[in-house]
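Engineer: Have a peek at data_21.tsv (TSV, C-alpha atoms).
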```
chain	number	residue	atom	x	y	z
A	1	MET	CA	-0.76	-13.44	-13.12
A	2	GLY	CA	1.31	-10.28	-13.41
A	3	VAL	CA	0.52	-6.87	-11.91
A	4	ASP	CA	2.09	-3.64	-13.18
A	5	PRO	CA	0.99	-1.45	-10.27
A	6	GLY	CA	-0.35	2.08	-10.59
A	7	LEU	CA	-3.19	4.20	-9.23
A	8	THR	CA	-4.34	5.66	-12.55
A	9	ARG	CA	-3.76	2.47	-14.56
A	10	CYS	CA	-2.96	-0.84	-12.85
A	11	GLY	CA	-1.99	-3.34	-15.57
A	12	LEU	CA	-3.11	-6.95	-15.12
A	13	GLY	CA	-2.17	-9.90	-17.28
A	14	ALA	CA	-2.42	-13.65	-16.93
A	15	VAL	CA	-0.65	-16.34	-18.95
A	16	GLU	CA	-0.61	-20.12	-18.82
A	17	GLY	CA	2.47	-22.17	-19.49
A	18	ARG	CA	5.71	-23.64	-18.30
A	19	PRO	CA	9.35	-23.09	-19.24
A	20	GLY	CA	10.24	-24.62	-22.62
A	21	ALA	CA	6.64	-24.83	-23.86
A	22	PRO	CA	4.57	-22.22	-25.73
A	23	LEU	CA	2.78	-19.70	-23.50
A	24	THR	CA	-0.92	-18.89	-23.81
A	25	LEU	CA	-2.69	-15.63	-23.06
A	26	VAL	CA	-5.42	-16.06	-20.43
A	27	ALA	CA	-6.49	-12.45	-19.85
A	28	VAL	CA	-5.15	-8.91	-20.13
A	29	GLY	CA	-6.49	-5.54	-19.04
A	30	VAL	CA	-6.19	-2.59	-16.70
A	31	VAL	CA	-7.96	-1.36	-13.57
A	32	ARG	CA	-8.34	2.42	-13.75
A	33	THR	CA	-9.16	4.96	-11.07
A	34	GLY	CA	-9.77	8.68	-11.52
A	35	ALA	CA	-7.04	11.18	-10.65
A	36	ASP	CA	-9.81	13.39	-9.20
A	37	GLU	CA	-10.94	10.69	-6.73
A	38	GLU	CA	-9.75	10.63	-3.11
A	39	LEU	CA	-6.86	8.27	-2.32
A	40	GLY	CA	-9.13	6.01	-0.23
A	41	ALA	CA	-11.67	5.60	-3.05
A	42	ARG	CA	-8.83	4.86	-5.50
A	43	LEU	CA	-7.31	2.17	-3.27
A	44	VAL	CA	-10.75	0.60	-2.73
A	45	GLY	CA	-11.20	0.58	-6.53
A	46	ILE	CA	-7.81	-1.08	-7.09
A	47	GLU	CA	-8.60	-3.72	-4.46
A	48	ALA	CA	-12.01	-4.47	-5.98
A	49	GLY	CA	-10.51	-4.75	-9.48
A	50	ILE	CA	-7.73	-7.10	-8.38
A	51	GLU	CA	-10.15	-9.23	-6.31
A	52	GLN	CA	-12.40	-9.59	-9.37
A	53	TRP	CA	-9.40	-10.68	-11.44
A	54	LEU	CA	-8.29	-13.21	-8.81
A	55	ASP	CA	-11.85	-14.62	-8.72
A	56	ASP	CA	-12.01	-14.90	-12.52
A	57	VAL	CA	-8.45	-16.01	-13.35
A	58	ARG	CA	-7.70	-18.15	-10.25
A	59	PRO	CA	-3.93	-17.88	-10.76
A	60	ASP	CA	-1.34	-20.27	-9.25
A	61	ALA	CA	0.93	-17.34	-8.38
A	62	VAL	CA	1.03	-13.55	-8.57
A	63	ALA	CA	4.05	-11.53	-9.74
A	64	VAL	CA	4.15	-7.83	-8.87
A	65	GLU	CA	6.64	-5.25	-10.13
A	66	ARG	CA	9.03	-4.22	-7.36
A	67	VAL	CA	8.74	-0.46	-6.90
A	68	PHE	CA	11.82	1.66	-6.23
A	69	SER	CA	11.92	5.15	-4.83
A	70	GLN	CA	14.19	6.24	-7.70
A	71	HIS	CA	11.05	6.27	-9.91
A	72	ASN	CA	9.03	9.39	-10.66
A	73	VAL	CA	8.77	10.97	-7.19
A	74	ARG	CA	5.33	12.48	-7.86
A	75	THR	CA	3.67	9.12	-8.49
A	76	VAL	CA	5.92	6.60	-6.70
A	77	MET	CA	3.93	6.59	-3.43
A	78	GLY	CA	0.69	5.74	-5.24
A	79	THR	CA	2.51	3.08	-7.25
A	80	ALA	CA	3.93	1.54	-4.05
A	81	GLN	CA	0.47	1.55	-2.46
A	82	ALA	CA	-1.15	-0.11	-5.49
A	83	ALA	CA	1.64	-2.73	-5.42
A	84	GLY	CA	1.05	-3.27	-1.70
A	85	ILE	CA	-2.65	-3.88	-2.30
A	86	ALA	CA	-1.88	-6.43	-5.05
A	87	VAL	CA	0.49	-8.26	-2.67
A	88	LEU	CA	-2.11	-8.07	0.13
A	89	CYS	CA	-4.92	-9.49	-2.06
A	90	ALA	CA	-2.75	-12.41	-3.22
A	91	ALA	CA	-1.34	-13.17	0.26
A	92	ARG	CA	-4.83	-13.11	1.82
A	93	ARG	CA	-5.72	-16.02	-0.51
A	94	GLY	CA	-2.51	-17.85	0.36
A	95	LEU	CA	-1.14	-17.42	-3.19
A	96	PRO	CA	2.64	-17.28	-3.63
A	97	VAL	CA	3.74	-13.71	-4.39
A	98	ALA	CA	6.94	-12.79	-6.23
A	99	LEU	CA	8.40	-9.34	-6.75
A	100	HIS	CA	10.45	-8.81	-9.91
A	101	THR	CA	12.37	-5.64	-10.73
A	102	PRO	CA	11.76	-3.93	-14.08
A	103	SER	CA	15.26	-4.89	-15.25
A	104	GLU	CA	14.72	-8.56	-14.29
A	105	VAL	CA	11.56	-8.56	-16.40
A	106	LYS	CA	13.25	-6.81	-19.33
A	107	ALA	CA	16.21	-9.21	-19.22
A	108	ALA	CA	13.93	-12.26	-19.03
A	109	ILE	CA	11.75	-11.18	-21.97
A	110	THR	CA	14.22	-9.45	-24.30
A	111	GLY	CA	17.67	-10.54	-23.11
A	112	SER	CA	18.48	-6.91	-22.20
A	113	GLY	CA	17.83	-5.28	-18.83
A	114	THR	CA	17.56	-1.88	-20.53
A	115	ALA	CA	15.00	-2.70	-23.26
A	116	ASP	CA	12.36	-0.02	-23.93
A	117	LYS	CA	8.56	-0.37	-23.63
A	118	LYS	CA	8.14	-0.95	-27.38
A	119	GLN	CA	10.61	-3.84	-27.34
A	120	ILE	CA	8.84	-5.40	-24.33
A	121	GLY	CA	5.49	-5.05	-26.09
A	122	ALA	CA	6.90	-6.61	-29.29
A	123	MET	CA	8.32	-9.63	-27.43
A	124	VAL	CA	5.11	-10.14	-25.40
A	125	THR	CA	3.15	-10.09	-28.68
A	126	ARG	CA	5.50	-12.64	-30.26
A	127	LEU	CA	5.76	-14.96	-27.23
A	128	LEU	CA	1.97	-15.13	-26.83
A	129	ARG	CA	1.41	-15.31	-30.63
A	130	LEU	CA	-0.98	-12.33	-30.57
A	131	SER	CA	-2.19	-10.53	-33.69
A	132	GLU	CA	-1.41	-7.13	-32.18
A	133	MET	CA	0.45	-5.55	-29.26
A	134	PRO	CA	-1.58	-5.41	-26.01
A	135	LYS	CA	-2.46	-1.82	-25.03
A	136	PRO	CA	-1.96	0.24	-22.96
A	137	ALA	CA	1.73	-0.38	-22.14
A	138	ASP	CA	0.74	-1.19	-18.52
A	139	ALA	CA	-1.22	-4.21	-19.76
A	140	ALA	CA	1.73	-5.43	-21.87
A	141	ASP	CA	4.06	-4.90	-18.89
A	142	ALA	CA	1.76	-7.00	-16.68
A	143	LEU	CA	1.96	-9.85	-19.24
A	144	ALA	CA	5.77	-9.46	-19.34
A	145	LEU	CA	5.82	-9.86	-15.53
A	146	ALA	CA	3.68	-12.99	-15.76
A	147	ILE	CA	5.94	-14.48	-18.47
A	148	CYS	CA	9.08	-13.58	-16.50
A	149	HIS	CA	7.58	-15.30	-13.48
A	150	VAL	CA	6.74	-18.51	-15.36
A	151	TRP	CA	10.30	-18.69	-16.67
A	152	ARG	CA	12.08	-17.72	-13.46
A	153	GLY	CA	9.72	-19.87	-11.39
A	154	GLY	CA	10.50	-22.73	-13.75
A	155	ALA	CA	14.23	-22.35	-13.18
A	156	GLN	CA	13.64	-22.22	-9.42
A	157	HIS	CA	11.45	-25.32	-9.57
A	158	ARG	CA	14.11	-27.23	-11.53
A	159	LEU	CA	16.74	-26.13	-9.01
A	160	ALA	CA	14.53	-27.20	-6.09
A	161	ALA	CA	13.82	-30.53	-7.80
A	162	ALA	CA	17.54	-31.11	-8.49
A	163	LEU	CA	18.40	-30.28	-4.87
A	164	ALA	CA	15.68	-32.61	-3.62
A	165	LYS	CA	17.00	-35.39	-5.89
A	166	ALA	CA	20.59	-34.82	-4.71
A	167	THR	CA	19.44	-34.90	-1.08
A	168	ARG	CA	17.57	-38.15	-1.66
A	169	LYS	CA	20.74	-39.63	-3.19
A	170	ASP	CA	22.74	-38.56	-0.14
A	171	THR	CA	20.37	-39.97	2.43
A	172	ARG	CA	19.11	-43.05	0.62
A	173	PRO	CA	22.06	-44.47	-1.27
B	174	MET	CA	-7.78	7.62	15.23
B	175	GLY	CA	-4.24	8.29	14.06
B	176	VAL	CA	-1.95	5.89	12.19
B	177	ASP	CA	1.83	6.29	12.10
B	178	PRO	CA	2.47	3.76	9.32
B	179	GLY	CA	5.29	1.25	9.26
B	180	LEU	CA	5.84	-2.43	8.50
B	181	THR	CA	7.89	-3.28	11.59
B	182	ARG	CA	5.90	-1.04	13.94
B	183	CYS	CA	2.63	0.60	12.88
B	184	GLY	CA	1.62	3.09	15.59
B	185	LEU	CA	-2.08	3.41	16.38
B	186	GLY	CA	-3.70	5.93	18.71
B	187	ALA	CA	-7.22	7.12	19.33
B	188	VAL	CA	-8.39	10.22	21.18
B	189	GLU	CA	-11.78	11.72	21.92
B	190	GLY	CA	-12.41	15.43	21.99
B	191	ARG	CA	-13.11	18.63	20.14
B	192	PRO	CA	-11.16	21.86	19.68
B	193	GLY	CA	-11.12	24.03	22.79
B	194	ALA	CA	-11.99	21.19	25.18
B	195	PRO	CA	-9.70	18.73	26.99
B	196	LEU	CA	-8.77	15.65	24.97
B	197	THR	CA	-9.10	12.10	26.30
B	198	LEU	CA	-7.00	9.06	25.47
B	199	VAL	CA	-9.11	6.21	24.09
B	200	ALA	CA	-6.43	3.69	23.08
B	201	VAL	CA	-2.78	3.53	22.08
B	202	GLY	CA	-0.56	0.75	20.77
B	203	VAL	CA	1.36	-0.69	17.86
B	204	VAL	CA	0.86	-3.46	15.34
B	205	ARG	CA	4.16	-5.27	14.75
B	206	THR	CA	5.26	-7.61	12.00
B	207	GLY	CA	8.52	-9.54	11.77
B	208	ALA	CA	11.31	-8.30	9.50
B	209	ASP	CA	11.92	-11.96	8.59
B	210	GLU	CA	8.34	-12.47	7.34
B	211	GLU	CA	7.44	-12.22	3.64
B	212	LEU	CA	5.99	-8.89	2.49
B	213	GLY	CA	2.58	-10.48	1.84
B	214	ALA	CA	2.35	-11.92	5.36
B	215	ARG	CA	3.40	-8.57	6.83
B	216	LEU	CA	0.75	-6.64	4.89
B	217	VAL	CA	-1.91	-9.20	5.90
B	218	GLY	CA	-0.80	-8.73	9.54
B	219	ILE	CA	-1.02	-4.92	9.28
B	220	GLU	CA	-4.49	-5.17	7.74
B	221	ALA	CA	-5.72	-7.56	10.45
B	222	GLY	CA	-4.33	-5.33	13.20
B	223	ILE	CA	-5.93	-2.17	11.81
B	224	GLU	CA	-9.27	-3.93	11.22
B	225	GLN	CA	-9.26	-5.10	14.85
B	226	TRP	CA	-8.61	-1.52	15.99
B	227	LEU	CA	-11.38	-0.12	13.78
B	228	ASP	CA	-13.78	-2.75	15.21
B	229	ASP	CA	-12.80	-1.91	18.80
B	230	VAL	CA	-12.40	1.87	18.62
B	231	ARG	CA	-15.11	2.70	16.02
B	232	PRO	CA	-13.52	6.06	15.16
B	233	ASP	CA	-15.34	8.94	13.44
B	234	ALA	CA	-12.33	9.61	11.22
B	235	VAL	CA	-8.87	8.24	10.50
B	236	ALA	CA	-5.73	10.38	10.10
B	237	VAL	CA	-2.69	8.80	8.44
B	238	GLU	CA	0.78	10.28	8.15
B	239	ARG	CA	1.51	11.35	4.58
B	240	VAL	CA	4.62	9.51	3.41
B	241	PHE	CA	7.22	11.25	1.29
B	242	SER	CA	9.93	9.63	-0.80
B	243	GLN	CA	12.54	11.87	0.84
B	244	HIS	CA	12.35	9.56	3.89
B	245	ASN	CA	14.75	6.68	4.53
B	246	VAL	CA	14.90	5.05	1.09
B	247	ARG	CA	15.38	1.54	2.48
B	248	THR	CA	12.08	1.54	4.38
B	249	VAL	CA	9.95	4.13	2.57
B	250	MET	CA	8.22	1.63	0.26
B	251	GLY	CA	7.06	-0.51	3.19
B	252	THR	CA	5.93	2.63	5.03
B	253	ALA	CA	3.96	3.77	1.98
B	254	GLN	CA	2.35	0.33	1.68
B	255	ALA	CA	1.38	0.24	5.38
B	256	ALA	CA	-0.10	3.75	4.97
B	257	GLY	CA	-2.00	2.59	1.88
B	258	ILE	CA	-3.52	-0.32	3.82
B	259	ALA	CA	-4.62	2.01	6.64
B	260	VAL	CA	-6.29	4.31	4.09
B	261	LEU	CA	-7.88	1.28	2.38
B	262	CYS	CA	-9.29	-0.15	5.63
B	263	ALA	CA	-10.81	3.19	6.62
B	264	ALA	CA	-12.21	3.96	3.15
B	265	ARG	CA	-13.78	0.49	2.88
B	266	ARG	CA	-15.86	1.38	5.97
B	267	GLY	CA	-16.81	4.76	4.54
B	268	LEU	CA	-14.79	6.60	7.20
B	269	PRO	CA	-13.33	10.01	6.31
B	270	VAL	CA	-9.56	9.75	5.81
B	271	ALA	CA	-7.12	12.64	6.20
B	272	LEU	CA	-3.42	12.69	5.41
B	273	HIS	CA	-1.26	15.03	7.48
B	274	THR	CA	2.43	15.65	6.87
B	275	PRO	CA	4.88	15.20	9.75
B	276	SER	CA	5.51	18.96	9.84
B	277	GLU	CA	1.76	19.72	9.99
B	278	VAL	CA	1.48	17.38	12.98
B	279	LYS	CA	4.54	18.87	14.69
B	280	ALA	CA	3.30	22.41	14.14
B	281	ALA	CA	-0.19	21.57	15.43
B	282	ILE	CA	1.08	19.87	18.61
B	283	THR	CA	4.17	21.92	19.52
B	284	GLY	CA	3.89	25.13	17.49
B	285	SER	CA	7.04	24.22	15.59
B	286	GLY	CA	7.17	22.22	12.34
B	287	THR	CA	10.67	21.01	13.20
B	288	ALA	CA	10.07	19.69	16.74
B	289	ASP	CA	11.83	16.43	17.65
B	290	LYS	CA	10.26	13.13	18.74
B	291	LYS	CA	10.86	13.83	22.43
B	292	GLN	CA	9.05	17.18	22.23
B	293	ILE	CA	6.10	15.53	20.42
B	294	GLY	CA	5.96	12.83	23.10
B	295	ALA	CA	6.09	15.42	25.89
B	296	MET	CA	3.22	17.46	24.39
B	297	VAL	CA	1.08	14.36	23.75
B	298	THR	CA	1.63	13.32	27.38
B	299	ARG	CA	0.63	16.80	28.62
B	300	LEU	CA	-2.37	17.25	26.29
B	301	LEU	CA	-3.84	13.87	27.24
B	302	ARG	CA	-2.91	14.31	30.94
B	303	LEU	CA	-1.01	10.99	31.00
B	304	SER	CA	1.26	9.92	33.85
B	305	GLU	CA	4.02	8.90	31.44
B	306	MET	CA	5.02	9.26	27.79
B	307	PRO	CA	3.41	6.65	25.48
B	308	LYS	CA	6.00	4.23	24.07
B	309	PRO	CA	7.29	3.39	21.53
B	310	ALA	CA	7.63	6.72	19.68
B	311	ASP	CA	5.39	5.35	16.88
B	312	ALA	CA	2.51	5.07	19.36
B	313	ALA	CA	3.04	8.66	20.58
B	314	ASP	CA	3.23	9.83	16.95
B	315	ALA	CA	-0.08	8.14	16.19
B	316	LEU	CA	-1.69	10.03	19.10
B	317	ALA	CA	-0.13	13.27	17.82
B	318	LEU	CA	-1.74	12.61	14.43
B	319	ALA	CA	-5.11	12.00	16.06
B	320	ILE	CA	-4.84	15.22	18.12
B	321	CYS	CA	-3.72	17.21	15.06
B	322	HIS	CA	-6.74	15.87	13.18
B	323	VAL	CA	-9.22	16.83	15.93
B	324	TRP	CA	-7.85	20.38	15.96
B	325	ARG	CA	-7.55	20.81	12.21
B	326	GLY	CA	-10.90	19.08	11.64
B	327	GLY	CA	-12.37	21.40	14.24
B	328	ALA	CA	-11.20	24.46	12.32
B	329	GLN	CA	-12.65	22.99	9.14
B	330	HIS	CA	-15.95	22.20	10.88
B	331	ARG	CA	-16.23	25.76	12.24
B	332	LEU	CA	-15.54	27.14	8.76
B	333	ALA	CA	-18.15	24.84	7.22
B	334	ALA	CA	-20.66	25.79	9.95
B	335	ALA	CA	-19.98	29.52	9.45
B	336	LEU	CA	-20.41	29.15	5.69
B	337	ALA	CA	-23.64	27.24	6.16
B	338	LYS	CA	-24.94	29.96	8.54
B	339	ALA	CA	-23.98	32.72	6.08
B	340	THR	CA	-25.74	30.86	3.26
B	341	ARG	CA	-28.88	30.46	5.38
B	342	LYS	CA	-28.85	34.22	6.11
B	343	ASP	CA	-28.60	34.95	2.40
B	344	THR	CA	-31.45	32.73	1.35
B	345	ARG	CA	-33.79	33.05	4.34
B	346	PRO	CA	-33.57	36.66	5.53
```
Show how you would write the structure in this file as structure tokens.
Structural biologist:
Amino acid sequence: MGVDPGLTRCGLGAVEGRPGAPLTLVAVGVVRTGADEELGARLVGIEAGIEQWLDDVRPDAVAVERVFSQHNVRTVMGTAQAAGIAVLCAARRGLPVALHTPSEVKAAITGSGTADKKQIGAMVTRLLRLSEMPKPADAADALALAICHVWRGGAQHRLAAALAKATRKDTRP
Amino acid sequence: MGVDPGLTRCGLGAVEGRPGAPLTLVAVGVVRTGADEELGARLVGIEAGIEQWLDDVRPDAVAVERVFSQHNVRTVMGTAQAAGIAVLCAARRGLPVALHTPSEVKAAITGSGTADKKQIGAMVTRLLRLSEMPKPADAADALALAICHVWRGGAQHRLAAALAKATRKDTRP
């Protein structure tokens, strides 16, 4: 499950699959909170929305976009706080949490770390064999995070498996 | 109850009082998490520590330092996330949450918005009639936030009371 964090729109997307096999869309959507609400009420709303998703989707892992302070200064604190709540909700359930940078996600999905939102949306649509691009962009970005995580996680799993095999060879000739 | 947010050290301090009367120390301390722990585990630790404090102290209101992205870039995201969790914990209980900037706190406690940590610590020690300065600085800062909130809240309460009185005069001569 991928989370594109934000206070106004927090994108959520879940996919099923493994590296080298077709991916399937499980769910996609956004949790919204009102810009006129107090920060506390917004954070409670984000938490409730993510908890509901974790209950419904029951993911194996959660990937959250890593937030940098170079982003839009006006909104970056809210984005960081929404990301923190996503990490908190996943960690409370003992789920593995990964943070991927926007350029890692772009590179994984499109081959270019500088791809634009439209290109991300187009590749997500193609990879999940959807009839149209998921909207808003936050929802498509959350799916891109989830796909990136499946693929990167896969590479890490293969590496871990290869290392384990090599270690077994060393110790049990 | 004041919260000086941070991942490594989250300062917590509670005071009892009202504007124009002596203030009393209720509790002071820090919640710590290890820099070698995963972000998820750290955020879960911060949440558990703040929840324990809210259970023990049962504050009327929670004041959290407002985090700006101009701060130390390396740690600001973790600080923002710890602040977000403090706001979340308070809002989940229906407690009023206030955000005060560092310069608002400094100005309230010392009369100068550019006072240094030592000056803040000295004034907190004097205002609460303590025998020594609370340590670490994060704990003293949390008390400063709590004191600032009592005084600022007091001004707001008096204004609200005066407005209510004026309204009563208008409608019930």
Engineer: Give the residues of chain A that lie within 8 Å of chain B; count only C-alpha atoms, and format the answer as a VMD selection string.
Structural biologist: chain A and resid 39 to 41 43 to 44 67 to 69 73 76 to 77 80 to 85 87 to 88 90 to 92 97
Engineer: Report as number ranges by chain all protein, DNA and RNA residues lying within 10 Å of Val278 (chain B), evaluated on all atoms listed in the file, omitting residues in the same chain fewer than 4 positions from it.
Structural biologist: B: 238, 273-274, 282-288, 293, 314-315, 317-322, 325
Engineer: Which is closer to Asp4 (chain A) than all the others in A:Leu54, A:Ala63, A:Ala48, A:Leu128, using only C-alpha atoms?
Structural biologist: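 Of all the options, A:Ala63 lies closest to Asp4 (chain A).
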Engineer: Tell me, in Å to one decimal, how far CA of Pro5 (chain A) is from CA of Ala27 (chain A).
Structural biologist: 16.4 Å
Engineer: Report, in Å with one decimal, the straight-line distance from CA of Ala139 (chain A) to CA of Pro19 (chain A).
Structural biologist: 21.6 Å
Engineer: Kindly reconstruct region 246-260 of chain B with N, CA and C atoms and present the result as an mmCIF file, in the coordinates of the input.
Structural biologist:
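Contents of the output file selection_16.cif:
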```
data_model
loop_
_atom_site.group_PDB
_atom_site.id
_atom_site.type_symbol
_atom_site.label_atom_id
_atom_site.label_comp_id
_atom_site.auth_asym_id
_atom_site.auth_seq_id
_atom_site.Cartn_x
_atom_site.Cartn_y
_atom_site.Cartn_z
ATOM 1 N N VAL B 246 15.222 5.747 2.335
ATOM 2 C CA VAL B 246 14.900 5.050 1.090
ATOM 3 C C VAL B 246 14.698 3.553 1.308
ATOM 4 N N ARG B 247 15.426 2.983 2.260
ATOM 5 C CA ARG B 247 15.380 1.540 2.480
ATOM 6 C C ARG B 247 14.001 1.091 2.985
ATOM 7 N N THR B 248 13.335 1.959 3.759
ATOM 8 C CA THR B 248 12.080 1.540 4.380
ATOM 9 C C THR B 248 10.861 2.270 3.829
ATOM 10 N N VAL B 249 11.078 3.274 2.954
ATOM 11 C CA VAL B 249 9.950 4.130 2.570
ATOM 12 C C VAL B 249 8.861 3.373 1.820
ATOM 13 N N MET B 250 9.232 2.361 1.026
ATOM 14 C CA MET B 250 8.220 1.630 0.260
ATOM 15 C C MET B 250 7.293 0.848 1.205
ATOM 16 N N GLY B 251 7.874 0.204 2.210
ATOM 17 C CA GLY B 251 7.060 -0.510 3.190
ATOM 18 C C GLY B 251 6.175 0.440 3.978
ATOM 19 N N THR B 252 6.711 1.618 4.309
ATOM 20 C CA THR B 252 5.930 2.630 5.030
ATOM 21 C C THR B 252 4.756 3.098 4.175
ATOM 22 N N ALA B 253 5.020 3.340 2.894
ATOM 23 C CA ALA B 253 3.960 3.770 1.980
ATOM 24 C C ALA B 253 2.890 2.688 1.856
ATOM 25 N N GLN B 254 3.313 1.425 1.833
ATOM 26 C CA GLN B 254 2.350 0.330 1.680
ATOM 27 C C GLN B 254 1.513 0.155 2.946
ATOM 28 N N ALA B 255 2.139 0.299 4.122
ATOM 29 C CA ALA B 255 1.380 0.240 5.380
ATOM 30 C C ALA B 255 0.379 1.397 5.439
ATOM 31 N N ALA B 256 0.802 2.589 4.998
ATOM 32 C CA ALA B 256 -0.100 3.750 4.970
ATOM 33 C C ALA B 256 -1.273 3.480 4.023
ATOM 34 N N GLY B 257 -0.962 2.900 2.866
ATOM 35 C CA GLY B 257 -2.000 2.590 1.880
ATOM 36 C C GLY B 257 -3.039 1.635 2.460
ATOM 37 N N ILE B 258 -2.584 0.656 3.236
ATOM 38 C CA ILE B 258 -3.520 -0.320 3.820
ATOM 39 C C ILE B 258 -4.384 0.349 4.883
ATOM 40 N N ALA B 259 -3.817 1.271 5.654
ATOM 41 C CA ALA B 259 -4.620 2.010 6.640
ATOM 42 C C ALA B 259 -5.706 2.821 5.941
ATOM 43 N N VAL B 260 -5.330 3.502 4.859
ATOM 44 C CA VAL B 260 -6.290 4.310 4.090
ATOM 45 C C VAL B 260 -7.374 3.399 3.507
#
```
